[in-house]
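To start, the structure under review is shown below, and the notes come after it.
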Amino acid sequence: MPKYSYRATREEIAENDFNLNIPRYVDTFEAEKEVDLKAIQKEIETLDCQLSEVRKQMAGYLKELGLEKG
């Protein structure tokens, strides 16, 4: 399990001046997932449109009930 453990030899430890910091022996780096900013922006715009439509419906329902904001 290269990202979780490593059995260093005495020679390797000596070469590293007996430094036992884990990153010297185990590579735990994981690349971050790329973010598609254009797709996210498009999703935000779609959600904004949907929210606008829902607000219009709500305003219509409130008007029907005589509870419209004024």
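Simple scheme: letters A, B, ... for chains in structure tokens order, numbers from 1 for residues in each chain, numbers from 1 for ligands in the order shown.
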Test item, alpha helix (DSSP H) assignment across chain A, answer as a PyMOL selection string: chain A and resi 10-15+37-64
